[in-house]
Every structure is written in structure tokens, then in C-alpha cells.
Amino acid sequence: MTSFTINAQTSVTGTVTDEAGEPLVGASVVVPGTTVGASTDIDGNFKLNVAQGKKIRVSYVGYVSKEVEVKGSHLNIALKEDNEVLDEVVVIGYGTMKKKDLTGSITTVNSKDLNVGSYTDPGQLLQGKVPGLVVVQNSDPNGGVNSLTLRGASTLNGSTEPLYVVDGIPGVNLNLIPPADIESIDVLRDASATAIYGSKAANGVIIVTTKKGSDGPARVSYQGYVSWERIANDHKMMTASQLRQYAEENNIPIPNDKGADTNWAKETQRTGFATNHNLSISGGTKSTSYNASVNYIKRDGIIKGVGNNLFTARAYVETKLLKDRLLLGAGVNGNIRNESGVPRNKQGASVYEAMYYYSPLEPVRNEDGSWYSNTDVSQYYNPLSQVYEDRSMATFKRWQVTGKARLKILEGLFLNGNFAYENQNKNYKEYLSTESQTNHRHGQTTREVLDWESKLMEIFANYDKDFGEDHRMALMAGYSWEERKDEEGFGAKGYNYYDDSLGWNDIGMANSWDTDPVWGKLYSKTRMISFYGRANYSYKSKYLLQAAVRRDGASTFGSNNKWATFPSASVAWRVTGEDFMEQSAGWLHDLKLRVGWGQSGNAKGFDAYTSRFYYQAGSRFTYVDENGVEHSYKSLNAARNVNDNLKWETTSMLNIGLDFAFLGGRINGTIEYYNKDTKDMIWDYPVSTAIYPVDKLTANVGRMRNRGVEISVNAVPFQGPFTWTTSLNFSHNQNKVVSVSNSEFNAGVLNRYDPNLPGLSQGCSTQRIVEGEAIGTFYLWEWAGYNEQGQSTFYSRDVNTGEYELDANGNRMTTQNPGEKDRVKFGSAQPKLTMGWNNNLTWKNFDLNLFFTGVFGQKIFNEPRAYFSYIGAISQGKNVLASVRDEQLATDGLAHYPSNRYLEDGSYFKLSTVTLGYTFRNCFNGWLRDIRVYVSANNVFTITGYKGRDPEINLGGLEPGHDTRWDHYPRTRQILVGLNVNF
């Protein structure tokens, strides 16, 4: 019998080609249900030991898999091209389109390719996945992402977030969408794609498609995980013994040595823990489908007292009526989020700062159990006291109702309607107890209630028509109405309580109140009306044309400029569709050239009063009436000047793209070049009060430019029983402020960011917004070394020329009292290159993902290193970095001055995520479709020369590149264990 079995295994050879007879290199040939397999060589040949009559499966990326019965010793197998990738449907504004017919720059990320972690913000899911999208992660449970920028900054108001569109509804709050409910995310990167959203799309558009039900029995899915995290890399502060030894060696008096040995960072931190549970059910019939889910997340951060919990519920139902000509859909989303926090937004009185500056020579508590306190030192607060005595809680309640309708009028002609109502409420409460060290008012409560509301109605028609086999046309026209109400509410503050038993629960029990204990928020309601249209034409999917226009009117801007028009056009040529490319058909799967231009606007960051005059409350005065009775009134002061000519910020973008695919799509990617020009940027300019009631006028003056190149490549190096798919993207963007002033308005020197370092009462900014330079350009003092007394000196500059001041011998002059004139340009926070590299490896039921990110060429101002290098802090009773022993002179009282000493190369390469999983299929007689268990690690390692805790810091807004100290939540390393079950 053994001899029979061996003889039955015959050696079979074969050749795998495409339909044109060209060999397919690396095609997978396997015996189904076994690990027996092979791959084709450079000539498309393979060799396999398999019994006659058995079947083998042959597969290759970009081609339809095929099963062949083994008959004979040699097999010739031809695979048919699979256009599934090119026929993949991509979501665009107000419709969908096949990927092969796209003329704009759009990147699709499916749910299986999103980042894995304790994430609630879509930006965290997309980091490194989309060329040109720079996402900076944040480990703060209540923080989301530090910054998210698509193809560079486009405004001076600091707003860089793209427009989010969820299931066709623009402007949806993404906190309503649990990551587990996301089906795919489409990122519209160029203006020819985003212009259909007009005034809201200058920063790009991110379209989120959620999971829906389908015809068939109910499907129940569960996704859950637990995670643990610790700080990845902490500041190395002096220990008690190091501090005592350093002070003794350098004759520095220590005023508060209590004999303790306290590690304040360790006392304040903990192991963070998070848990997430998502349960969903979906199903339907031929006419009705449904999907519903509930999600619960609880996360405790690594800083004691910081954490949140979030409960979200979603439901959507869709049904067809009138013989399937009418489709109606309705959805409801809602969640409640509770965020607990500790003091962090005030210099000195911040737990994030105090856990490093507090002296290790002092204890956490006194002998009687009360918190230790040292009031002899200014801006000096026990961090544990702040954690437990200065509490805050913010509760967000959000809910949204959506409705959809689609009526088929004629073949190919559909009338659509979108309707949405969203409400958000924030209830903030803070209590500083009677034991608080940051507040000595015997208990103080602050309460604030805010409310947001938005309404949306859109009606648009789509008409798609094929004319014969070669011509295809798609038309779309629509109308949109939107109304938003922002931050309506009030707040109150009271203090002096009998005890702490009530906390923030009854502010009416306060015995003392400020002069104005209640404040209100300026009510702002804005409206926008839009008309828009788009036309697409395709000839044999070879010559493609798209043109779109949107006309927006908004109450935000001046009476003379409430309306604006945003056009766009793009063309594409599929080169591989030409007859002369037939000889390349064996290896060149697809080649398409795209060119697009468009305009989009920016209305983010502006409210109903941006261009209007209004009054605001000022100080109080006493009025004595005719009866001699005194009354206290608030003065009314002019708050803003009228500018009837204020108009939209407008961004124009030229985009040139090349899409390619080789070897049946086994290697594919894109190359993009763009030129993005923003004009009429809005800023507040100084004006004369002899002409205007207020000394500043909001006006359109500035201009900014971004130019860049993006490259993305996807490949399948190995395919078969073991498969490796990889994707790599690179992005380079060059930002430049072209102008901020003109002949009428002069902004002057726009200094940005003051690190508030000791001994600089006049302040000293570290960056400037300068014409001809990038946002985030550093202007610092240049360190010149030490003088004979061991004090830092800085090079002096001529106030007129900016060149070095020279003494009589031609030597560069130095100063110990540098000023504004001595600041000089020292690089930019803008990265020269960003990258993402994703790798998926599968073998049998195992899967492994390795995801790397990198940012290169940016500068970081290491503020903690400057601040904690201040030698004078020791004699004040505070702590300093351990590196002070080797890097600073004890005689140097100016070591911390903001100079180029603390401007460092922030380049890094990071293993962002590694995930290992195993999937059990068809479990328990098939009533469980599959179970996947996995373990994941985030922020695994970082290769960098940066001396701070982590080089992944804020790269957005007007002050990028600062490693801040009192509000910077430490970056963590996380281990996550998860379970996905599909019933």
C-alpha cells in the first residue's frame, strides 16, 4: 500500500500565461486543502508533485483564479484578466464611480487596512495610509490626534482638519462613528475631487462609509479588546542622591531638603488600561436591510485621574417601495462620553509639568497624612495634590438623525435627498477642593454648559447613461441648505464652601462669588446655501473628462461677498487602452495619466461675527440715579469692525498624476505632483482708531503656497500558501508663506509661540510667520559658548542688516542680554519627507502585520530640555534633568535661554504597529463563521536622534514643531489583545 501511494504522486509540470500567451511570473499553484504548492518562475513554469485526477488552484493578482484537474504530465493554463481592482467602486462627492474612470486623486482605505489600537479618532486609523496626509498620534485618552494635515496648511487661522462626510452627510461629528462600524474611508486629495464640496473643502475631504445590512439571515458580530500601556520614554530627571551630590559639588544651596527620595513621575503615573466592546447585527430581505450596533469604550490613561468612557448606539434601516423604484433610509446615532482630567493648561499649575519639576527631596505627604506643600517656591504645586484635589469632568452628549431618499424616475435618472439633524451638548464641571494647593478659596466650583446644533438638507439628481459600448456619461446637479448654531450656553463660578462633601454637585451652596460669577457665550448661527453640478464623460474608459462647479452663499462673510463660485476640471488618458500598447499587455496591466485643476474654499474657523460689528461687555461702572441710589452696570465696548468686503479664502490646486500597474496588478501605484495656492487668507490687521472703532480689522490679504510630490506603491512579493503584500508611500511638501501684508494692511512681525522660560520677563518667541518662509520657521538666538565666568553668551546681530556685529578687530560680538534683533533663522518644523510602510503576511490561518511610519527633515524645539536645564531651579528648590551634570556648567544661569542649542533634528523611523492574529473558520458546525484572536503592540520602537521623549509631536497649526512641557501628554507604548467573532 505504501508503494502504491508513492507511485500515485506524479511529477507534473506546467506553464501559466495570460490570455495573450505571456508568462505570469510568481503565480500561485496549490492543491486545495493542503500545504502543497509552488510558484511559477520567470518563464511562467512550475513543477508540482500531485496525483492524477486531483485538482490544483492557480491564482495571480489581477487575474481570475482557476481550478484545473491534473491530466497528464504537463499543463498549459491561461488565466483571464480580472478587472475587479479597476472596477472597484470608489465613493466621490454625491455619488460613486469605478476606480478605472477616476480623473482625480482619491485614496481608498478599507476597514481591514485601518490601523489597530485603542483609537476613537479616524485620523489615528489613517496614519501612514494615505500619501500627503500627515497624522501625528496622541496617547491622551481625551486627545484624538495632535494634528492632521493634508498637503500642507492652507490658512492662517490654524484650522487644518479636512471636511468629514459620513454616508453622504457632510460635517458629521466622527465621535458618533465607532471604528468597528467603518467599512471604508475615501480621502479626496486634489481640488478637482474636492471642489464639489466648495467652501468647506480647502483642507481636503475624508469620506467615511459605514457598514450596512444585506439580503440574507441576520449576522451578529462582536469585536472587543483589552489593552495595557506605559510611557514609552520618560524624561530622565535627577534622583535625590544625584541632586544632593550635584548641589554639594557646585556649592548650590538647597532650601528644602526633607530627606525624601521621591520619584514624582512614578508616583503620578500608572499602567493605563483600556477595554472596548462592539456588538452589531445586520441582515435583511430583498426589499429591506438593517444594521445596528452598540459600542462601549473605557480607557484609563497613564496619568492618574485622566481617562474616559464612551457609549455609542447606532441603527440604520433601508427599504425599497413602489416596485423598488423608491428607496428610503433612516438612521439614528447617539453617544455619551465622559472625560475626566487633571490640571494641564496653566504654566506651573500643570500635573504634566509638576511631576518633573517637583523636588525628589520632598515627600508626597506630611506625617499627618496631608499633602506636602512648599509655598516658599513660586509656581510650585505637589502633582499628587493636583490629581486628587483639582478634579474636572466633561460630559458630551451627541445624537444625530439622518434620512435618505432615492427615487428612480427613468432608467439611469435618480432623484436623491439627504436630511440630517445633529445636536451636541457639553457639560463641564470642575471642583478645586479645600485642600487644593492651586486655589486658596476654600473650595471652588466652575460649571459650564454649551450646546451645538446643525441642520442639513440636500437634494440632487444623478443621471448615468451608456451610449453604445464606447460612450458613458454621468451628470449630477444639486441644492444644499445648511444651518449651524455654535457654542450657545453659559457658565458660573462660586467658592468658599463649608466642606468638600458636595464637590461640584451644588454650586448654589457656595458662600462667595466673584463680581461677575456668571458668563455667557456669544450666540452664533450661520447658514449656507449651495448649488452644484458635475459632468463625467468616458470613451472606452480610455479618454475621461470631469467638470464640476459649486456656488456657495454663506452668512459668515461680508455683505458684498457672501457668494463665491468654485469650479474644477480634470482629464485622464488610459494609455494602455491604445492599440500601440498591445505589445506591452503581458507586463503592463494599466497606465493612466491624469491632470486636474480646481478651486475650493475655507469657511472653517469663522463665525457669524467675523465680518460684523458687535458689542461686548467691559468693566463695571457705578451709576447713581435721580434718587441717589447706586447701580452697577457693565460697560459696552466695540468688539469688531465691519468689513463688508470680507470674502472666502480660496485654494486653487493643479494636480498631475500617473497610475500604473504591472504584472497583472501585482505591482501598482501612483505618482502625483501638485501645486496648491491659497489666496485671500484672513487675518486681523492693525488699523487706526481715528478711522475705525476697534484697533484691528479682519481682512483678506495673505497668500500661501504648497507644492509637493507623492508616491505610493503596492506589491505582492510572494503569493501562495505564504503571501506577503506590501504598500509603501512617500510624500514631500514644500510650504511657503507668499505674503501676509499689502499696501493697505501691514501685519508687521508675526511672532509665534512663547515657551515662557524663567528670567525672560519680556518673553521671547521661537518662531515667526515671514513672507518667503514656511509656517513653523524658527527664529532663535545663536549660542556662542561660554565667557570667562562660565556664562552662556549669544551672538549679537545688527538691527538693520541682521548680520553679525563685529568689534574693532573684526571678531563677532557676543551678548548676555540678547533681544529681538539678535534672533536668526534656524530651520523649519515642516518635514521634508513623510512615509508609511505597511506589510501583511499570511500563512494558513495566521496573519502578521508590520506597519512602519517615518518623518524626516523637520526641526523640533526641545522646550523641556531648555526649561529643565535651568540651573537656578536647583537653588529655588526644583528639580532638573540628569543630563545637566554633563551638558551644563553650574555657573551658567543662562543655559535655558531659547537658542539653537535646543533646536534638534526631529527625524524618526518608527515601528508603529505590529499585529499577530489567528483565525478559526466554520467553528461549531458552522454556526460561527469565524473567530479571530490577535495581539497587537503600538509604538514598538523609534529610531531617532532626538533627545526628548518622543519626536512625534504637533506638525499642524501655526506653531508646529514645539515639544511643549505643561500640556504635552506623554507618548505611550501599548499592548492590545483582541477578539473578533462573526456568527
# chains A, B, ... in the order shown; residues from 1 in each chain; ligands from 1
call {"tool": "closest_atom_pairs", "arguments": {"of": "stretch 566-632 of chain A", "to": "stretch 654-663 of chain A", "cutoff": "6 Å", "atoms": "only C-alpha atoms", "output": "tab-separated table"}}
result
residue	atom	partner	partner_atom	distance
A:Trp587	CA	A:Leu663	CA	4.7
A:Leu588	CA	A:Phe662	CA	4.6
A:His589	CA	A:Phe662	CA	5.0
A:Asp590	CA	A:Ala661	CA	4.8
A:Leu591	CA	A:Phe660	CA	4.5
A:Lys592	CA	A:Asp659	CA	5.0
A:Leu593	CA	A:Leu658	CA	4.7
A:Arg594	CA	A:Gly657	CA	4.8
A:Val595	CA	A:Ile656	CA	4.5
A:Gly596	CA	A:Asn655	CA	5.1
A:Trp597	CA	A:Leu654	CA	4.5
call {"tool": "select_by_dssp", "arguments": {"residues": "stretch 49-131 of chain A", "states": "strand (DSSP E)", "output": "compact mmCIF listing (two decimals) with C-alpha atoms, in the first residue's frame"}}
result
# COMPACT_ATOMS: atom_id res chain seq x y z
CA ASN A 49 4.07 16.52 -7.07
CA VAL A 50 0.35 15.74 -7.24
CA ALA A 51 -1.79 12.70 -8.01
CA LYS A 55 -7.34 19.50 -8.78
CA ILE A 56 -4.94 22.39 -8.43
CA ARG A 57 -5.84 26.05 -7.97
CA VAL A 58 -3.90 28.67 -9.91
CA SER A 59 -4.12 32.31 -8.83
CA LYS A 66 -8.79 28.92 -11.87
CA GLU A 67 -9.07 25.28 -10.74
CA VAL A 68 -7.67 22.68 -13.15
CA GLU A 69 -7.84 18.86 -12.99
CA HIS A 74 2.23 18.84 -18.45
CA LEU A 75 -0.46 21.51 -18.13
CA ASN A 76 -0.90 24.73 -20.08
CA ILE A 77 -3.04 27.12 -18.06
CA ALA A 78 -4.24 30.53 -19.26
CA LEU A 79 -5.71 32.95 -16.74
CA VAL A 89 -16.29 51.34 -6.73
CA VAL A 90 -14.90 54.49 -5.14
CA VAL A 91 -17.08 56.94 -3.20
CA ILE A 92 -16.91 60.50 -4.51
CA GLY A 95 -22.13 59.56 -5.96
CA THR A 96 -19.79 56.70 -6.77
CA MET A 97 -17.50 55.87 -9.65
CA LYS A 98 -15.44 52.95 -10.86
CA ILE A 106 -8.54 59.69 -4.39
CA THR A 107 -7.17 57.08 -1.99
CA THR A 108 -9.36 54.32 -0.54
CA VAL A 109 -8.54 52.56 2.72
CA ASN A 110 -10.69 49.53 3.53
call {"tool": "residues_around", "arguments": {"residues": "stretch 351-368 of chain A", "least_positions_apart": "3", "cutoff": "6 Å", "atoms": "only C-alpha atoms", "output": "PDB file with N, CA and C atoms, in the first residue's frame"}}
result
ATOM      1  N   ALA A 240      17.177  61.896  43.928  1.00  0.00           N
ATOM      2  CA  ALA A 240      17.516  62.631  45.148  1.00  0.00           C
ATOM      3  C   ALA A 240      19.022  62.613  45.399  1.00  0.00           C
ATOM      4  N   ASP A 257      15.533  70.434  51.498  1.00  0.00           N
ATOM      5  CA  ASP A 257      15.863  69.008  51.572  1.00  0.00           C
ATOM      6  C   ASP A 257      15.198  68.411  52.803  1.00  0.00           C
ATOM      7  N   LYS A 258      14.143  67.622  52.585  1.00  0.00           N
ATOM      8  CA  LYS A 258      13.400  66.993  53.666  1.00  0.00           C
ATOM      9  C   LYS A 258      13.821  65.540  53.893  1.00  0.00           C
ATOM     10  N   GLY A 259      14.930  65.139  53.227  1.00  0.00           N
ATOM     11  CA  GLY A 259      15.425  63.790  53.413  1.00  0.00           C
ATOM     12  C   GLY A 259      14.674  62.728  52.636  1.00  0.00           C
ATOM     13  N   ALA A 260      13.800  63.125  51.744  1.00  0.00           N
ATOM     14  CA  ALA A 260      12.995  62.157  50.990  1.00  0.00           C
ATOM     15  C   ALA A 260      13.739  61.692  49.742  1.00  0.00           C
ATOM     16  N   ASP A 261      13.223  60.683  49.119  1.00  0.00           N
ATOM     17  CA  ASP A 261      13.725  60.176  47.829  1.00  0.00           C
ATOM     18  C   ASP A 261      12.502  59.804  47.001  1.00  0.00           C
ATOM     19  N   THR A 262      11.875  60.801  46.389  1.00  0.00           N
ATOM     20  CA  THR A 262      10.587  60.618  45.707  1.00  0.00           C
ATOM     21  C   THR A 262      10.767  60.679  44.196  1.00  0.00           C
ATOM     22  N   TRP A 264       8.659  61.498  41.432  1.00  0.00           N
ATOM     23  CA  TRP A 264       7.342  62.096  41.243  1.00  0.00           C
ATOM     24  C   TRP A 264       6.654  61.596  39.988  1.00  0.00           C
ATOM     25  N   ALA A 265       7.417  61.324  38.939  1.00  0.00           N
ATOM     26  CA  ALA A 265       6.802  60.794  37.715  1.00  0.00           C
ATOM     27  C   ALA A 265       6.187  59.423  37.987  1.00  0.00           C
ATOM     28  N   PRO A 343      -5.358  69.186  36.105  1.00  0.00           N
ATOM     29  CA  PRO A 343      -4.849  70.477  35.614  1.00  0.00           C
ATOM     30  C   PRO A 343      -3.694  70.290  34.635  1.00  0.00           C
ATOM     31  N   ARG A 344      -3.791  71.017  33.486  1.00  0.00           N
ATOM     32  CA  ARG A 344      -2.754  70.859  32.474  1.00  0.00           C
ATOM     33  C   ARG A 344      -2.565  72.093  31.596  1.00  0.00           C
ATOM     34  N   TRP A 371      -1.309  66.466  52.226  1.00  0.00           N
ATOM     35  CA  TRP A 371      -0.378  66.623  51.117  1.00  0.00           C
ATOM     36  C   TRP A 371       0.757  67.556  51.509  1.00  0.00           C
ATOM     37  N   TYR A 372       1.970  67.161  51.159  1.00  0.00           N
ATOM     38  CA  TYR A 372       3.105  68.040  51.411  1.00  0.00           C
ATOM     39  C   TYR A 372       2.984  69.279  50.532  1.00  0.00           C
ATOM     40  N   PRO A 383       2.191  67.526  42.516  1.00  0.00           N
ATOM     41  CA  PRO A 383       1.372  66.946  41.443  1.00  0.00           C
ATOM     42  C   PRO A 383       0.320  65.958  41.940  1.00  0.00           C
ATOM     43  N   LYS A 878      13.675  73.326  42.997  1.00  0.00           N
ATOM     44  CA  LYS A 878      13.073  72.460  41.984  1.00  0.00           C
ATOM     45  C   LYS A 878      14.099  71.472  41.439  1.00  0.00           C
ATOM     46  N   ASN A 879      13.639  70.590  40.572  1.00  0.00           N
ATOM     47  CA  ASN A 879      14.499  69.557  40.001  1.00  0.00           C
ATOM     48  C   ASN A 879      14.902  69.937  38.579  1.00  0.00           C
ATOM     49  N   ARG A 965       5.738  71.624  27.312  1.00  0.00           N
ATOM     50  CA  ARG A 965       6.002  70.937  28.578  1.00  0.00           C
ATOM     51  C   ARG A 965       4.791  70.836  29.488  1.00  0.00           C
ATOM     52  N   TRP A 966       3.928  71.857  29.557  1.00  0.00           N
ATOM     53  CA  TRP A 966       2.867  71.798  30.562  1.00  0.00           C
ATOM     54  C   TRP A 966       1.546  71.251  30.021  1.00  0.00           C
TER      55      TRP A 966
END
call {"tool": "closest_atom_pairs", "arguments": {"of": "stretch 564-620 of chain A", "to": "stretch 138-161 of chain A", "cutoff": "10 Å", "atoms": "only C-alpha atoms", "output": "tab-separated table"}}
result
residue	atom	partner	partner_atom	distance
A:Gly601	CA	A:Ser154	CA	9.7
A:Asn602	CA	A:Thr155	CA	8.0
A:Ala603	CA	A:Ser159	CA	9.9
A:Lys604	CA	A:Ser159	CA	6.8
A:Gly605	CA	A:Ser159	CA	6.5
A:Phe606	CA	A:Asn157	CA	8.7
call {"tool": "closest_residue", "arguments": {"among": "A:Asp464, A:Asp798, A:Asp680, A:Glu952", "to": "A:Asp905", "atoms": "only C-alpha atoms"}}
result
A:Glu952
call {"tool": "closest_residue", "arguments": {"among": "A:Arg337, A:Ser282, A:Gln242, A:Gly14", "to": "A:Arg299", "atoms": "only C-alpha atoms"}}
result
A:Arg337
